[in-house]
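These notes are about the structure you will find just below.
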2 protein chains.
Amino acid sequence: MKIVIIGAVAGGTSAAAKARRNDEEAEIIIFDKDKDISYSGCGLPYYIGNKVKNRSQLVPRDAGFFKNKYNIDIFTEHEVLNLDVLKKKLTVKNLKTEEVFMEGFDKLIISSGASPVIPNIPGINNENVFYLRNVQSADRIKAFIKENKPKQAIIIGSGFIGLEMTENLKNLAIMVTVVELAAQVMTPLDKDMALYIQNYLKKKEIKLVLGDSVAAIEGEFPNAKVVLGSGQEIATDFVVAAVGIKPNIELAQKAGIELGASGAISVNKKMQTNFEYIYACGDCSESYSLITGKNFYRPLGSTANKTGRIVGDSITGGNLEFRGILGTGIFKLFDLVIAYTGLTEKEALKEGYAVVVCHNIKPDKVTYYGGEEMTIKAVADKKTGKLLGAQIIGTNGVDKRIDVLATALTFGAKAEDLFHLDLAYSPPFSTTKDPVMYTGMILDNAINKGRELITPEELKTRIEKGEKIKVIDTRVSKQYEECNAPACQDTILKILR
Amino acid sequence: MKIVIIGAVAGGTSAAAKARRNDEEAEIIIFDKDKDISYSGCGLPYYIGNKVKNRSQLVPRDAGFFKNKYNIDIFTEHEVLNLDVLKKKLTVKNLKTEEVFMEGFDKLIISSGASPVIPNIPGINNENVFYLRNVQSADRIKAFIKENKPKQAIIIGSGFIGLEMTENLKNLAIMVTVVELAAQVMTPLDKDMALYIQNYLKKKEIKLVLGDSVAAIEGEFPNAKVVLGSGQEIATDFVVAAVGIKPNIELAQKAGIELGASGAISVNKKMQTNFEYIYACGDCSESYSLITGKNFYRPLGSTANKTGRIVGDSITGGNLEFRGILGTGIFKLFDLVIAYTGLTEKEALKEGYAVVVCHNIKPDKVTYYGGEEMTIKAVADKKTGKLLGAQIIGTNGVDKRIDVLATALTFGAKAEDLFHLDLAYSPPFSTTKDPVMYTGMILDNAINKGRELITPEELKTRIEKGEKIKVIDTRVSKQYEECNAPACQDTILKILR
């Protein structure tokens with residue numbers, strides 16, 4: 001059997017390694033148009049910020065490694081130009097020699113990844129405008145910084161890549177302005193959670209422009225500026241565009257492989273496309289939600305690894321099947337950690353759930369051992385009592401709580417189940433009742449015990465509609481004062497003043 | 001309704017607070033023979049080691065707090081001398097005034113806690129012999145250290161309290177010797193995992209005597225010594241006995257309340273004793289295992305809080321029921337973190353499971369972001385594929401993995417389920433496939449994919465029985481050398497040399 005794989009990053013190499021582990025005989029070939037393979041895309045911002053010292057740490061493996069360890073042939077700088085699905089043939093171009101040749105396959109795995117969305121604006125191709133796509137694109141940013149010692153940067157987009165870049169550029173003493181089209185940063189989060197990030201960015205002296213677009217990038221370093229849709233002009237030394245990524249599906253689409261509604265390649269649970277001998281995995285393929293069962297596009301390194309391994313097993317006769325994902329994500333922003341899993345409030349409402357929401361603020365461990373507060377926003381379904389999703393922002397122990405909640409969600413946990421978890425307690429690690437347990441207790445009280453909750457948003461709406469509501473403000477004076485401080489100017493609770 | 005509670009630490013105060021939240025009218029009274037209430041027993045070693053600076057941090061609440069916030073009357077230094085279960089009456093002694101009086105109740109909660117086991121050896125009552133039981137017992141150790149500036153200590157017992165004391169005394173520049181009767185430290189762990197701790201203690205210059213008992217403690221500071229069962233004598237300035245704890249059940253037993261086989265008070269899922277109006281919770285009550293369904297005694301602060309809340313709900317007509325625990329535990333030993341949940345290999349074998357065991361060594365996060373290795377020993381049932389338990393030793397991220405595994409165990413996860421978890425990945429927090437996922441993959445391969453595993457112990461046994469086994473040692477030379485280093489002298493793998 002001859003297995004050919006397009007793409008040698010997370011999905012493709014995972015698929016290849018698993019296929020080899022299952023089948024010692026198969027011929028396994030990978031083509032990648034890039035120079036680097038099997039690199040850590042998620043590490044790129046930290047490479048730019050010098051947290052990752054050596055390029056080789058991001059690209060620990062080369063084609064020789066895969067040949068030696070797995071007897072897999074990887075051809076880098078080889079672009080697949082065409083796929084003939086019926087004849088089972090690829091047209092491949094060696095980018096170094098310009099040679100074009102045909103390659104047959106018995107089974108094909110498409111793991112062509114994703115590319116940054118390139119905004120269609122004047123100046124986007126200027127020499128001081130960058131994207132984060134692969135190691136070479138990071139090399140270019142590093143080289144620009146080294147050569148020009150820039151003092152200011154504009155980041156277009158405030159998703160996790162934009163925010164990770166914000167931290168890493170700021171750590172290089174570069175003043176950063178983030179321009180975001182939406183009215184909030186990090187749109188995968190609910191607005192009330194994004195507020196924490198926005199307030200924190202101000203504390204960190206990051207300029208933030210919300211609800212505005214970049215209309216044009218003008219001039220070159222050192223005389224460049226960005227013109228916003230609002231007309232405002234901001235001088236900058238360079239620009240990083242991080243407005244999102246889109247699946248690389250051109251080749252597949254041209255070949256007649258079906259795409260899903262999200263625009264990514266449609267696959268079944270065995271990761272097969274509409275041609276049973278052609279599989280897809282990683283950032284070019286569509287996922288589905290473990291909560292709603294519906295298809296969605298959530299390109300993440302963890303999922304690319306997972307779907308790659310499933311393809312590698314599936315293609316060699318194994319019984320692994322994709323079970324869907326929660327879309328769990330996490331990132332660090334200086335000392336802040338932001339994580340999310342499952343549905344947000346706004347997604348849950350859109351899906352028609354009878355939504356119950358709690359905001360649970362608790363220390364990550366006992367305060368005498370240095371515990372610091374985290375905020376867990378959790379969403380549950382009133383009808384079934386089931387947990388639907390969670391968002392957490394804090395400093396320490398956020399990763400632990402999101403993973404516990406993701407695990408609970410995977411097994412269909414009800415809110416009431418969380419209190420019963422036997423989580424590990426000792427003072428350096430948690431509180432006697434873990435924040436996750438309190439979250440379940442609060443939701444369970446709201447769902448089953450008649451202790452209803454109201455969100456600040458809902459309160460605001462109902463007051464604005466003229467409803468007479470008696471509000472008892474139980475904050476201690478310190479909290480009240482903090483909420484009225486300038487750093488907190490966005491806080492919804494201010495309506496209570 | 002008049003609710004009377006015996007004991008005002010974790011279980012008793014949790015029960016009282018929950019009862020009050022459910023029932024604004026009930027009269028709630030607590031008696032405690034101690035001076036301090038609602039203190040953090042788990043923080044005591046850190047108080048002695050000055051990690052917790054102020055005593056008040058361990059005892060943040062007093063009787064006044066409970067009166068103001070919950071309208072609960074707590075009487076400290078009041079010992080309950082007798083319980084008449086049929087007349088529903090307590091005989092109570094005010095230890096300050098010596099006054100003895102009767103107190104009636106409609107419902108009674110026994111949360112009398114546990115006490116250190118006091119070894120029956122000569123010298124055990126000497127002035128330089130200590131236990132860790134409550135804040136006052138910690139005060140006494142602190143006072144001894146402050147007054148006498150001791151240079152050396154002997155700790156009897158190597159459970160988590162003994163080992164936490166080891167760290168905290170060592171941090172005060174006191175040379176520590178740990179004497180343990182068993183052939184390994186930390187008997188709740190399997191021996192192969194305890195080895196990691198033993199090797200680490202050596203590195204930290206902690207003297208460790210295994211398989212020996214303390215026969216006598218002779219002399220007083222500064223001329224004290226300990227005589228071991230083996231005859232060896234060790235000079236010491238003071239002794240801390242931490243050989244275990246036993247439930248305080250004398251009052252209950254005398255009153256005719258049933259005890260379980262473990263010796264702790266037997267309760268049903270509503271935490272009721274054999275008298276339906278008498279409940280028990282916390283360290284004096286028996287738990288049951290979520291894995292085996294069998295009763296056991298696992299006194300822990302987290303469980304005391306949990307069972308206290310269940311009693312508080314149950315006693316006021318709520319529907320909360322105890323669902324059993326995994327016996328999840330965690331502690332820190334200098335930079336090492338040791339955690340466990342569910343069954344160990346030895347427990348699983350004893351229960352008759354067809355045990356599959358893996359030892360999975362993985363970094364807690366990507367190595368270019370500072371990842372450090374942890375060892376996850378996981379135990380599964382070959383017949384059902386279900387996970388049975390896990391033990392983890394490492395430096396960072398151990399608490400996260402044990403909590404994810406505890407959550408998975410709670411929902412009856414199979415080993416194969418772990419790979420499918422959608423855990424949060426980014427370089428500062430994990431690897432693209434989390435160590436927990438690898439653990440599941442290894443076990444699943446062994447259970448369902450014909451890739452059997454063998455433990456060093458089993459290999460040793462089979463070689464010793466004369467079985468011809470071809471061993472291929474795939475360690476890289478660095479690992480081989482480490483394993484032959486003096487620090488590693490106990491390692492079972494040495495049989496391969």
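Residue names in the structure tokens use chain letters A, B, ... in the order shown, residue numbers from 1 in each chain, and ligand numbers from 1 in the order shown.
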Just list as a VMD selection string whatever in region 34-255 of chain B DSSP marks as alpha helix (DSSP H). chain B and resid 44 to 48 55 to 58 63 to 70 135 to 148 160 to 170 191 to 203 250 to 254
When you get a sec, could you note down which chain A residues fall within 8 Å of chain B, using only C-alpha atoms, as a ChimeraX atom specification? /A:42-43,51-52,57-58,301-303,305-306,322-323,325-332,339,368-369,399-404,406-408,410-411,419-429,432-433
Quick one: distance from CA of Val209 (chain A) to CA of Pro122 (chain A) in Å, one decimal?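 CA of Val209 (chain A) sits 19.7 Å away from CA of Pro122 (chain A).
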Can you tell me, as a list in words, what residues are no more than 7 Å from Ile245 (chain A) when counting only C-alpha atoms, ignoring any on the same chain fewer than 2 positions away?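 Residues meeting the cut-off are Ala114, Ser115, Pro116, Val117 and Pro247 of chain A.
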Between CA of Met193 (chain A) and CA of Glu345 (chain A), what is the spacing in Å?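 CA of Met193 (chain A) lies 10.5 Å from CA of Glu345 (chain A).
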